[in-house]
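Quick look at upload-v6.cif (mmCIF, C-alpha atoms):
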data_coords
#
loop_
_atom_site.label_atom_id
_atom_site.label_comp_id
_atom_site.auth_asym_id
_atom_site.auth_seq_id
_atom_site.Cartn_x
_atom_site.Cartn_y
_atom_site.Cartn_z
CA MET O 1 19.30 -5.83 21.36
CA LYS O 2 19.83 -2.89 19.05
CA LEU O 3 18.35 -3.43 15.60
CA LYS O 4 20.98 -3.19 12.84
CA LYS O 5 20.53 -2.40 9.18
CA SER O 6 22.03 -5.79 8.30
CA ASP O 7 19.24 -7.47 10.28
CA LEU O 8 16.66 -5.67 8.21
CA PHE O 9 18.43 -6.52 4.95
CA ASP O 10 18.44 -10.20 5.91
CA TYR O 11 14.74 -10.01 6.75
CA LEU O 12 13.90 -8.47 3.37
CA SER O 13 16.08 -10.97 1.54
CA THR O 14 14.40 -13.94 3.20
CA LYS O 15 10.79 -12.83 3.65
CA ILE O 16 10.11 -10.11 1.09
CA PHE O 17 12.41 -11.05 -1.81
CA PRO O 18 12.52 -14.87 -1.50
CA ILE O 19 14.36 -16.81 -4.18
CA SER O 20 14.32 -20.43 -5.29
CA SER O 21 16.53 -22.26 -7.75
CA ASP O 22 14.02 -25.03 -8.42
CA GLU O 23 10.62 -23.40 -7.92
CA ASP O 24 8.85 -20.94 -10.19
CA SER O 25 5.25 -20.81 -9.08
CA LYS O 26 3.01 -18.76 -11.33
CA LYS O 27 -0.07 -18.24 -9.20
CA ILE O 28 -2.32 -15.19 -9.46
CA GLY O 29 -4.43 -13.42 -6.87
CA VAL O 30 -6.42 -10.19 -6.77
CA GLU O 31 -7.47 -7.68 -4.13
CA ILE O 32 -10.59 -5.83 -5.20
CA GLU O 33 -11.89 -2.75 -3.41
CA MET O 34 -15.56 -1.83 -3.81
CA ILE O 35 -17.32 1.32 -2.65
CA PRO O 36 -20.77 0.73 -1.08
CA PHE O 37 -23.51 3.29 -1.62
CA ILE O 38 -27.25 3.76 -1.18
CA ARG O 39 -29.36 5.04 -4.04
CA GLY O 40 -31.85 7.83 -3.46
CA GLY O 41 -31.94 11.59 -3.12
CA ASP O 42 -30.03 13.93 -5.39
CA TYR O 43 -27.09 11.51 -5.69
CA PRO O 44 -25.99 8.12 -4.30
CA LYS O 45 -24.86 8.41 -0.68
CA ARG O 46 -22.17 6.28 0.90
CA ALA O 47 -23.35 3.37 3.01
CA SER O 48 -21.77 3.38 6.45
CA LEU O 49 -19.66 0.49 7.72
CA LYS O 50 -22.37 -0.22 10.29
CA GLN O 51 -24.99 -0.53 7.54
CA VAL O 52 -22.74 -2.73 5.38
CA LYS O 53 -21.78 -5.07 8.21
CA SER O 54 -25.39 -5.38 9.30
CA ALA O 55 -26.34 -6.40 5.77
CA LEU O 56 -23.44 -8.86 5.44
CA ASN O 57 -23.52 -10.49 8.89
CA PRO O 58 -26.06 -13.15 7.78
CA TYR O 59 -23.79 -13.94 4.83
CA PHE O 60 -20.72 -14.26 7.03
CA ASP O 61 -22.62 -16.56 9.39
CA CYS O 62 -24.09 -18.91 6.80
CA GLN O 63 -20.92 -19.07 4.68
CA ALA O 64 -18.61 -19.75 7.65
CA TRP O 65 -16.42 -16.67 7.27
CA ARG O 66 -14.38 -16.30 10.46
CA GLU O 67 -14.28 -12.84 12.02
CA GLU O 68 -11.04 -11.27 13.30
CA LYS O 69 -10.46 -7.77 14.68
CA ASN O 70 -14.03 -6.72 13.91
CA PHE O 71 -13.27 -5.82 10.28
CA LEU O 72 -11.51 -8.86 8.81
CA TYR O 73 -13.12 -12.13 7.73
CA LYS O 74 -11.26 -15.26 6.60
CA LYS O 75 -12.32 -18.32 4.65
CA ASP O 76 -10.28 -20.88 2.68
CA GLY O 77 -7.31 -18.53 2.26
CA ALA O 78 -9.49 -15.61 1.13
CA LEU O 79 -10.21 -12.40 3.05
CA ILE O 80 -13.01 -9.88 3.19
CA SER O 81 -12.01 -6.70 5.00
CA PHE O 82 -12.89 -3.03 5.18
CA GLU O 83 -10.88 0.04 4.28
CA PRO O 84 -10.91 3.29 6.33
CA GLY O 85 -13.85 4.76 4.41
CA GLY O 86 -15.83 1.55 4.66
CA GLN O 87 -14.76 0.30 1.23
CA ILE O 88 -15.21 -3.48 1.01
CA GLU O 89 -12.07 -5.38 -0.03
CA PHE O 90 -12.12 -8.96 -1.27
CA SER O 91 -8.65 -10.55 -1.29
CA SER O 92 -8.66 -13.89 -3.08
CA GLU O 93 -6.47 -16.84 -2.35
CA PRO O 94 -3.83 -17.38 -5.08
CA PHE O 95 -4.95 -19.52 -8.01
CA SER O 96 -2.96 -21.45 -10.62
CA LYS O 97 -5.71 -21.07 -13.21
CA LEU O 98 -7.02 -17.62 -14.03
CA ASP O 99 -10.50 -18.81 -15.00
CA ASP O 100 -10.78 -20.45 -11.57
CA LEU O 101 -9.84 -17.13 -9.99
CA LYS O 102 -12.44 -15.33 -12.10
CA LYS O 103 -15.10 -17.86 -11.11
CA GLU O 104 -14.32 -17.40 -7.41
CA VAL O 105 -14.24 -13.60 -7.61
CA TYR O 106 -17.59 -13.44 -9.37
CA LYS O 107 -19.11 -15.98 -6.98
CA VAL O 108 -18.13 -14.02 -3.85
CA GLN O 109 -19.14 -10.70 -5.40
CA ASP O 110 -22.52 -12.05 -6.44
CA GLU O 111 -23.07 -13.31 -2.89
CA ILE O 112 -22.05 -9.97 -1.41
CA LYS O 113 -24.23 -8.03 -3.84
CA SER O 114 -27.21 -10.27 -3.10
CA TYR O 115 -27.08 -9.60 0.65
CA LEU O 116 -26.34 -5.88 0.25
CA SER O 117 -29.18 -5.32 -2.21
CA LYS O 118 -31.68 -6.50 0.41
CA GLU O 119 -30.76 -3.33 2.33
CA ASN O 120 -30.70 -1.12 -0.79
CA ILE O 121 -26.87 -1.06 -0.79
CA TYR O 122 -25.01 -1.29 -4.08
CA LEU O 123 -21.38 -1.38 -5.16
CA CYS O 124 -19.46 1.22 -7.13
CA LEU O 125 -16.32 -0.04 -8.86
CA ARG O 126 -14.53 3.21 -9.67
CA GLY O 127 -11.10 4.49 -8.70
CA VAL O 128 -12.64 7.35 -6.69
CA ASP O 129 -16.11 7.83 -5.22
CA PRO O 130 -17.67 10.10 -7.87
CA TRP O 131 -20.27 11.64 -5.58
CA ASN O 132 -19.43 11.92 -1.89
CA SER O 133 -16.78 14.06 -0.20
CA PRO O 134 -14.40 12.58 2.39
CA ASP O 135 -16.10 14.71 5.04
CA GLU O 136 -19.47 13.20 4.15
CA THR O 137 -18.00 9.70 4.39
CA GLY O 138 -15.88 10.09 7.53
CA LEU O 139 -13.45 7.60 9.01
CA GLN O 140 -15.32 4.31 9.43
CA LEU O 141 -12.68 2.30 11.29
CA GLU O 142 -11.93 3.07 14.93
CA ASP O 143 -8.67 1.09 15.07
CA SER O 144 -5.76 3.29 16.22
CA ARG O 145 -3.79 2.38 13.08
CA TYR O 146 -6.32 4.17 10.89
CA GLN O 147 -6.76 7.08 13.28
CA ASN O 148 -3.00 7.65 13.12
CA MET O 149 -3.05 7.32 9.34
CA GLU O 150 -5.82 9.90 9.04
CA LYS O 151 -3.94 12.32 11.28
CA TYR O 152 -0.70 11.77 9.37
CA PHE O 153 -2.02 12.04 5.81
CA THR O 154 -4.20 15.02 6.70
CA SER O 155 -1.11 16.76 8.08
CA LEU O 156 0.66 16.29 4.72
CA ASN O 157 -2.10 17.22 2.33
CA GLY O 158 -5.45 17.53 3.99
CA SER O 159 -7.89 17.08 1.11
CA LEU O 160 -5.85 14.54 -0.86
CA GLY O 161 -4.90 12.62 2.27
CA ARG O 162 -8.49 12.13 3.31
CA SER O 163 -9.54 11.37 -0.26
CA MET O 164 -6.94 8.61 -0.52
CA MET O 165 -8.11 6.94 2.68
CA LEU O 166 -11.86 7.42 2.43
CA SER O 167 -12.72 7.78 -1.27
CA THR O 168 -10.42 5.63 -3.42
CA ALA O 169 -10.61 2.04 -4.63
CA SER O 170 -8.33 -0.14 -6.73
CA ILE O 171 -7.88 -3.62 -8.07
CA GLN O 172 -4.50 -4.98 -7.04
CA VAL O 173 -3.00 -7.94 -8.89
CA CYS O 174 -0.69 -10.24 -6.90
CA LEU O 175 1.92 -12.35 -8.71
CA ASP O 176 4.66 -14.72 -7.62
CA PHE O 177 8.29 -13.77 -7.91
CA LYS O 178 9.91 -16.52 -5.88
CA THR O 179 12.18 -17.72 -8.65
CA ASN O 180 15.86 -17.50 -9.63
CA ARG O 181 17.80 -14.32 -8.97
CA GLU O 182 17.92 -13.03 -12.56
CA THR O 183 14.22 -13.60 -13.27
CA GLN O 184 13.24 -12.09 -9.93
CA VAL O 185 15.06 -8.85 -10.70
CA LYS O 186 13.55 -8.65 -14.20
CA ARG O 187 10.03 -9.24 -12.87
CA TYR O 188 10.49 -6.72 -10.07
CA LEU O 189 11.80 -3.96 -12.32
CA LEU O 190 9.42 -4.64 -15.22
CA ALA O 191 6.54 -4.38 -12.75
CA GLN O 192 7.72 -0.82 -11.99
CA PHE O 193 8.08 0.07 -15.68
CA LEU O 194 4.56 -1.16 -16.47
CA SER O 195 2.97 1.08 -13.84
CA PRO O 196 2.44 4.24 -15.95
CA TYR O 197 1.01 2.24 -18.84
CA ALA O 198 -1.35 0.32 -16.57
CA SER O 199 -2.46 3.49 -14.78
CA ALA O 200 -3.24 5.09 -18.13
CA MET O 201 -4.90 2.07 -19.77
CA PHE O 202 -7.18 1.35 -16.82
CA ALA O 203 -7.86 4.98 -15.81
CA ASN O 204 -11.32 4.98 -14.26
CA SER O 205 -11.68 7.94 -11.89
CA PRO O 206 -12.25 11.29 -13.63
CA PHE O 207 -14.99 12.45 -11.24
CA SER O 208 -14.83 13.40 -7.57
CA GLN O 209 -17.53 15.07 -5.48
CA LYS O 210 -19.80 15.28 -8.56
CA LYS O 211 -17.22 17.27 -10.54
CA ASN O 212 -14.93 16.44 -13.44
CA THR O 213 -11.41 16.69 -12.01
CA GLY O 214 -9.67 17.13 -15.39
CA TYR O 215 -7.87 13.82 -14.89
CA GLU O 216 -8.85 10.41 -16.21
CA SER O 217 -7.27 8.80 -13.15
CA PHE O 218 -7.76 11.20 -10.28
CA ARG O 219 -6.74 8.35 -7.98
CA SER O 220 -3.27 8.31 -9.60
CA HIS O 221 -3.03 12.08 -9.16
CA ILE O 222 -3.85 11.69 -5.47
CA TRP O 223 -1.08 9.17 -4.88
CA LEU O 224 1.46 11.15 -6.88
CA ASN O 225 0.93 14.22 -4.72
CA LEU O 226 0.45 12.61 -1.34
CA ASP O 227 3.66 11.28 0.24
CA ASP O 228 6.86 10.68 -1.69
CA SER O 229 8.43 9.00 1.34
CA ARG O 230 6.18 5.93 1.01
CA ALA O 231 4.77 6.01 -2.53
CA GLY O 232 6.31 5.90 -6.00
CA PHE O 233 9.21 3.82 -7.31
CA PRO O 234 11.57 2.34 -4.68
CA PHE O 235 14.52 1.31 -6.82
CA SER O 236 17.84 2.98 -7.52
CA LYS O 237 19.76 3.90 -10.64
CA SER O 238 22.46 1.36 -9.79
CA SER O 239 19.98 -1.50 -9.31
CA LEU O 240 18.65 -0.76 -12.79
CA GLU O 241 22.08 -0.49 -14.38
CA ASN O 242 23.47 -3.62 -12.73
CA LEU O 243 20.23 -5.67 -12.56
CA SER O 244 21.33 -6.65 -9.08
CA ARG O 245 18.98 -8.37 -6.64
CA GLU O 246 21.07 -7.14 -3.70
CA GLU O 247 20.82 -3.55 -4.91
CA CYS O 248 17.05 -3.89 -5.40
CA ILE O 249 16.77 -5.06 -1.79
CA GLU O 250 19.12 -2.33 -0.58
CA SER O 251 17.06 0.30 -2.41
CA TYR O 252 13.84 -0.97 -0.89
CA LEU O 253 15.42 -1.03 2.55
CA ASP O 254 16.54 2.59 2.19
CA PHE O 255 13.03 3.46 0.99
CA ALA O 256 11.58 1.86 4.13
CA LEU O 257 14.13 3.46 6.46
CA ASP O 258 13.49 6.92 5.03
CA SER O 259 9.70 6.70 5.16
CA ARG O 260 8.17 9.06 7.70
CA LEU O 261 6.75 7.19 10.66
CA ILE O 262 3.01 6.95 11.19
CA ILE O 263 3.14 4.52 14.11
CA PHE O 264 5.96 4.95 16.60
CA GLY O 265 6.19 1.91 18.83
CA LYS O 266 3.66 0.47 21.25
CA LYS O 267 4.00 3.16 23.91
CA HIS O 268 4.05 6.09 21.51
CA PRO O 269 1.56 5.58 18.63
CA SER O 270 2.91 8.60 16.79
CA PRO O 271 5.88 10.92 17.39
CA LYS O 272 5.43 14.55 18.30
CA ASN O 273 7.25 15.59 15.13
CA LEU O 274 4.72 13.75 12.96
CA GLY O 275 5.67 13.72 9.28
CA VAL O 276 9.39 14.26 9.91
CA PHE O 277 10.67 11.39 12.05
CA THR O 278 11.77 8.37 9.95
CA PHE O 279 12.50 4.77 10.83
CA ARG O 280 16.19 5.52 10.27
CA ASP O 281 15.93 8.39 12.75
CA TRP O 282 14.35 6.04 15.27
CA MET O 283 17.12 3.46 14.87
CA GLN O 284 19.73 6.15 15.43
CA SER O 285 17.94 7.89 18.30
CA GLU O 286 18.61 7.38 21.99
CA THR O 287 15.00 6.82 23.02
CA ALA O 288 14.35 4.26 25.73
CA GLU O 289 11.99 2.37 23.44
CA ARG O 290 14.14 0.87 20.70
CA PRO O 291 12.58 -0.23 17.40
CA THR O 292 12.06 -3.95 16.99
CA LEU O 293 11.62 -6.19 13.99
CA GLU O 294 7.89 -6.05 14.65
CA ASP O 295 8.05 -2.26 14.40
CA PHE O 296 9.82 -2.65 11.06
CA GLU O 297 7.10 -5.00 9.82
CA ILE O 298 4.50 -2.39 10.76
CA ALA O 299 6.49 0.27 8.88
CA LEU O 300 6.60 -2.01 5.81
CA SER O 301 2.83 -2.45 5.94
CA LEU O 302 2.47 1.34 5.72
CA LEU O 303 4.51 1.66 2.52
CA PHE O 304 2.46 2.17 -0.65
CA PRO O 305 4.78 2.08 -3.68
CA GLU O 306 3.44 1.46 -7.18
CA VAL O 307 4.52 -2.18 -6.80
CA ARG O 308 4.89 -3.54 -3.28
CA PRO O 309 7.06 -6.63 -2.66
CA LYS O 310 5.53 -8.83 0.06
CA GLY O 311 7.04 -12.22 -0.71
CA PHE O 312 5.08 -11.73 -3.93
CA LEU O 313 4.46 -8.66 -6.08
CA GLU O 314 1.42 -6.50 -5.39
CA PHE O 315 0.57 -4.20 -8.31
CA ARG O 316 -1.08 -1.06 -6.93
CA SER O 317 -1.38 1.20 -9.98
CA VAL O 318 -4.80 0.24 -11.37
CA ASP O 319 -8.11 1.95 -10.59
CA ALA O 320 -11.03 -0.28 -9.63
CA GLN O 321 -12.67 -1.61 -12.80
CA ASP O 322 -16.22 -2.41 -13.84
CA PHE O 323 -17.21 -6.00 -12.99
CA LYS O 324 -16.80 -7.27 -16.55
CA TRP O 325 -13.23 -5.95 -16.84
CA GLN O 326 -11.88 -7.05 -13.46
CA MET O 327 -9.67 -9.85 -14.78
CA VAL O 328 -8.09 -7.80 -17.57
CA PRO O 329 -5.33 -6.28 -15.39
CA ALA O 330 -4.49 -9.82 -14.19
CA VAL O 331 -4.13 -10.99 -17.81
CA PHE O 332 -2.00 -7.97 -18.66
CA PHE O 333 0.46 -8.29 -15.77
CA SER O 334 0.69 -12.09 -15.55
CA SER O 335 1.32 -12.61 -19.26
CA LEU O 336 4.14 -10.07 -19.38
CA LEU O 337 5.86 -11.30 -16.22
CA TYR O 338 5.28 -15.06 -16.49
CA HIS O 339 6.10 -15.60 -20.18
CA ASP O 340 9.90 -15.63 -20.54
CA GLU O 341 10.08 -14.10 -24.03
CA ALA O 342 7.44 -11.48 -23.24
CA LEU O 343 9.31 -10.61 -20.04
CA GLU O 344 12.49 -9.88 -21.99
CA GLU O 345 10.71 -7.99 -24.77
CA ALA O 346 8.59 -5.90 -22.42
CA PHE O 347 11.60 -5.17 -20.20
CA HIS O 348 13.65 -3.74 -23.06
CA LEU O 349 10.63 -1.94 -24.49
CA THR O 350 9.78 -0.14 -21.24
CA LYS O 351 13.19 0.24 -19.56
CA VAL O 352 13.78 3.92 -18.86
CA SER O 353 15.54 6.04 -16.29
CA LEU O 354 13.85 6.66 -12.96
CA GLU O 355 13.35 10.30 -13.91
CA THR O 356 11.62 9.37 -17.18
CA LEU O 357 9.48 6.80 -15.39
CA LYS O 358 8.25 9.46 -12.96
CA GLU O 359 7.37 11.76 -15.86
CA LEU O 360 5.42 8.99 -17.57
CA LYS O 361 3.57 8.34 -14.34
CA LYS O 362 2.50 12.00 -14.15
CA LYS O 363 1.21 11.81 -17.72
CA SER O 364 -0.73 8.63 -16.95
CA CYS O 365 -3.16 10.63 -14.80
CA TYR O 366 -4.57 11.91 -18.12
CA GLY O 367 -5.13 8.45 -19.54
CA LEU O 368 -3.71 7.68 -22.98
CA LYS O 369 -3.54 11.25 -24.23
CA ASP O 370 0.28 11.29 -24.30
CA PRO O 371 1.50 9.83 -27.64
CA ASP O 372 4.36 7.88 -26.04
CA LEU O 373 2.07 6.30 -23.45
CA LEU O 374 -0.52 5.47 -26.09
CA LYS O 375 1.99 3.85 -28.44
CA GLY O 376 3.63 1.88 -25.64
CA ALA O 377 0.29 0.75 -24.22
CA GLN O 378 -0.89 -0.50 -27.61
CA VAL O 379 2.31 -2.47 -28.15
CA LEU O 380 2.19 -3.91 -24.62
CA ALA O 381 -1.48 -4.87 -24.99
CA LYS O 382 -0.76 -6.86 -28.15
CA LEU O 383 2.32 -8.44 -26.57
CA SER O 384 0.35 -9.46 -23.48
CA LEU O 385 -2.40 -11.12 -25.53
CA LYS O 386 0.14 -13.07 -27.59
CA ALA O 387 2.02 -14.15 -24.46
CA PHE O 388 -1.17 -15.16 -22.68
CA GLU O 389 -2.23 -17.32 -25.60
CA ASN O 390 1.07 -19.16 -25.26
CA LEU O 391 0.45 -19.53 -21.52
CA SER O 392 -3.21 -20.49 -21.88
CA GLU O 393 -2.67 -24.17 -21.10
CA GLU O 394 -0.57 -23.33 -18.04
CA LEU O 395 -2.71 -20.46 -16.71
CA GLY O 396 -6.06 -21.74 -17.96
CA GLY O 397 -7.70 -18.42 -18.71
CA ASP O 398 -9.68 -18.68 -21.95
CA SER O 399 -12.61 -16.57 -20.75
CA CYS O 400 -10.22 -14.03 -19.21
CA LEU O 401 -8.32 -13.84 -22.51
CA ASP O 402 -11.61 -13.08 -24.26
CA ASP O 403 -12.27 -10.29 -21.74
CA ALA O 404 -8.82 -8.81 -22.29
CA THR O 405 -9.07 -9.03 -26.07
CA HIS O 406 -12.40 -7.20 -25.97
CA PHE O 407 -11.09 -4.54 -23.55
CA PHE O 408 -7.98 -3.78 -25.60
CA GLU O 409 -9.95 -3.64 -28.84
CA GLU O 410 -12.64 -1.36 -27.44
CA PHE O 411 -10.39 0.90 -25.38
CA THR O 412 -6.59 0.74 -25.70
CA GLN O 413 -6.25 0.28 -29.45
CA LYS O 414 -8.65 3.20 -30.00
CA GLY O 415 -6.88 5.44 -27.49
CA PHE O 416 -9.73 5.24 -24.99
CA THR O 417 -9.86 4.31 -21.30
CA PRO O 418 -12.85 3.40 -19.10
CA ALA O 419 -12.81 7.04 -18.00
CA SER O 420 -13.54 8.12 -21.58
CA PHE O 421 -17.14 6.94 -21.15
CA PHE O 422 -17.46 7.76 -17.47
CA GLU O 423 -19.72 10.81 -17.71
CA ALA O 424 -22.47 8.85 -19.42
CA SER O 425 -22.33 6.21 -16.70
CA LEU O 426 -23.05 8.81 -14.02
CA LYS O 427 -26.35 9.90 -15.52
#

Rewrite the structure of this file - the entire thing - as structure tokens.
Amino acid sequence: MKLKKSDLFDYLSTKIFPISSDEDSKKIGVEIEMIPFIRGGDYPKRASLKQVKSALNPYFDCQAWREEKNFLYKKDGALISFEPGGQIEFSSEPFSKLDDLKKEVYKVQDEIKSYLSKENIYLCLRGVDPWNSPDETGLQLEDSRYQNMEKYFTSLNGSLGRSMMLSTASIQVCLDFKTNRETQVKRYLLAQFLSPYASAMFANSPFSQKKNTGYESFRSHIWLNLDDSRAGFPFSKSSLENLSREECIESYLDFALDSRLIIFGKKHPSPKNLGVFTFRDWMQSETAERPTLEDFEIALSLLFPEVRPKGFLEFRSVDAQDFKWQMVPAVFFSSLLYHDEALEEAFHLTKVSLETLKELKKKSCYGLKDPDLLKGAQVLAKLSLKAFENLSEELGGDSCLDDATHFFEEFTQKGFTPASFFEASLK
């Protein structure tokens, strides 16, 4: 049966933008990417996936993590997986209480660090590997998905494409937005508006290949210049003007349909005209192999907007943070989206045109140097702390609130970012 656009809209409406008139869950999860390296020599060298897995296999065995697909491990709703450059990713289960999430994150990380250190492997929590080039690292995953991704992104922008896959790391905050229609739209759009401020506030990647890049978030610069067909802000002017859930879904569907294909069906992993052929082209083509809903799901998994809807919201704009600051982005995003008054205030404070939002995002690569970004970030930081205090009983995050208060006082309110002190940390 030929796949129709209405089928895909219905799928997004049900699975990706779910609504509920009587449920407003406010759980929080994180996905933390960590870059493994080995000390010694002139500079720290990247640990290979083989070395990391060898060090962690005893941990996986004794802690009953279940292996799938040779690079994914599951336990109690949590995941440990590996990125193309061998970056370790811990994806937590969703928690109702933020302090419980923090406790679990630190527990798993301490366990991982303990086993890795026995093999002289350590973890770097920075937005970009400061020392090693993508060529030195190399593709660590043999799965055809990642081989196709490497070929595709290298064809678009060779050096940045390989850097994105092999050298970057982030902390992604995951929040619920299964709620009523009006609140869902506000949360979805506010999440987009917060992206430049979050990128700037948590900038933590000024160095690459042992050189100062001139950016405070080189990782943000990479994504901005990589692939506008699958990154950026997937909402339309009309969805913003009308605050319409249907138009938000329609915009995201068009974004997905117009993304250039990386994987082209089961028989043809990638099209000959790589980087040009879109999912919309495939639906309209006369090829014998018609796209299926499964093909669409694969295409969705290869979209990387600033905020990705997946039945929940996945915030993708923050560089990986030092261990002691890991929960601060979760405090920032959850307080502004989950507190009703803060949601309204932040929405009206940050609401701008799509063109202005893109300009702010470009400026965020330089941290808080832009006066408008700095002023907005300082106001949002104070608003988030106030909102989180009001949510403290519901979200249970006293220690996380202390972390956020300290971070904003030491960095944001003084116009600094973690990148401001990065050079000293490399010595």

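Against the coordinates shown, the PyMOL selection byres ((chain O and resi 35) around 7) returns Glu33, Met34, Pro36, Phe37, Gln87, Ile88, Leu123, Cys124 and Leu125 of chain O.
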
*Check which residues satisfy the PyMOL selection byres ((chain O and resi 243-258) around 8) in the file shown, then give them as JSON, numbers by chain.*
{"O": [8, 9, 12, 13, 17, 181, 182, 184, 185, 186, 229, 230, 234, 235, 236, 238, 239, 240, 241, 242, 259, 260, 278, 279, 280, 299, 300, 303]}

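Applied to the file shown here, the PyMOL selection byres ((chain O and resi 82-84) around 8) selects Phe71, Leu72, Ile80, Ser81, Gly85, Gly86, Gln87, Ile88, Glu89, Leu139, Gln140, Leu141, Tyr146, Met165 and Leu166 of chain O.
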
*List the neighbours of Asn180 in chain O out to 10 Å using only C-alpha atoms; skip same-chain residues closer than 4 positions along the sequence, and give me the result as a list in words.*
Pro18, Ile19, Ser20, Ser21, Asp22, Glu23, Asp24, Gln184 and Val185 of chain O

*Neighbours of Pro44 in chain O within 9 Å (all atoms listed in the file; same-chain residues fewer than 6 positions away dropped), as a list in words?*
Phe37, Ile38, Trp131 and Asn132 of chain O

Those residues with C-alpha atoms, as an mmCIF file, in the frame of the given file please?
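This went into out.cif:
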data_model
loop_
_atom_site.group_PDB
_atom_site.id
_atom_site.type_symbol
_atom_site.label_atom_id
_atom_site.label_comp_id
_atom_site.auth_asym_id
_atom_site.auth_seq_id
_atom_site.Cartn_x
_atom_site.Cartn_y
_atom_site.Cartn_z
ATOM 1 C CA PHE O 37 -23.510 3.290 -1.620
ATOM 2 C CA ILE O 38 -27.250 3.760 -1.180
ATOM 3 C CA TRP O 131 -20.270 11.640 -5.580
ATOM 4 C CA ASN O 132 -19.430 11.920 -1.890
#

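Considering the residues O:Asp143, O:Glu409, O:Asp402, O:Asp129 and counting all atoms listed in the file, Lys382 in chain O has its shortest atom-to-atom contact with O:Glu409.
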
_Quick check, in Å to one decimal: how far apart do CA of Phe193 in chain O and CA of Val318 in chain O lie?_
13.6 Å

*Have a look at O:Leu374, O:Phe264, O:Glu68, O:Thr183 and name the one nearest to Pro291 in chain O; count all atoms listed in the file.*
O:Phe264

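Residue nearest Val276 in chain O within the list O:Gln109, O:Ser155, O:Ala200, O:Asp100: O:Ser155 [criterion: smallest interatomic distance, all atoms listed in the file].
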
_Top pick for closest residue to Lys50 in chain O, considering O:Leu401, O:Ile121, O:Met327, O:Leu79 and counting only C-alpha atoms_ = O:Ile121

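Going from CA of Thr412 in chain O to CA of Leu383 in chain O covers 12.8 Å.
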
*Place a sphere of radius 9 Å on (3.9, 8.0, -16.8) in the file coordinates and name every protein, DNA or RNA residue with an atom inside or on its surface, counting all atoms listed in the file; give the answer as a VMD selection string.*
chain O and resid 195 to 197 199 to 200 356 to 365 370 373
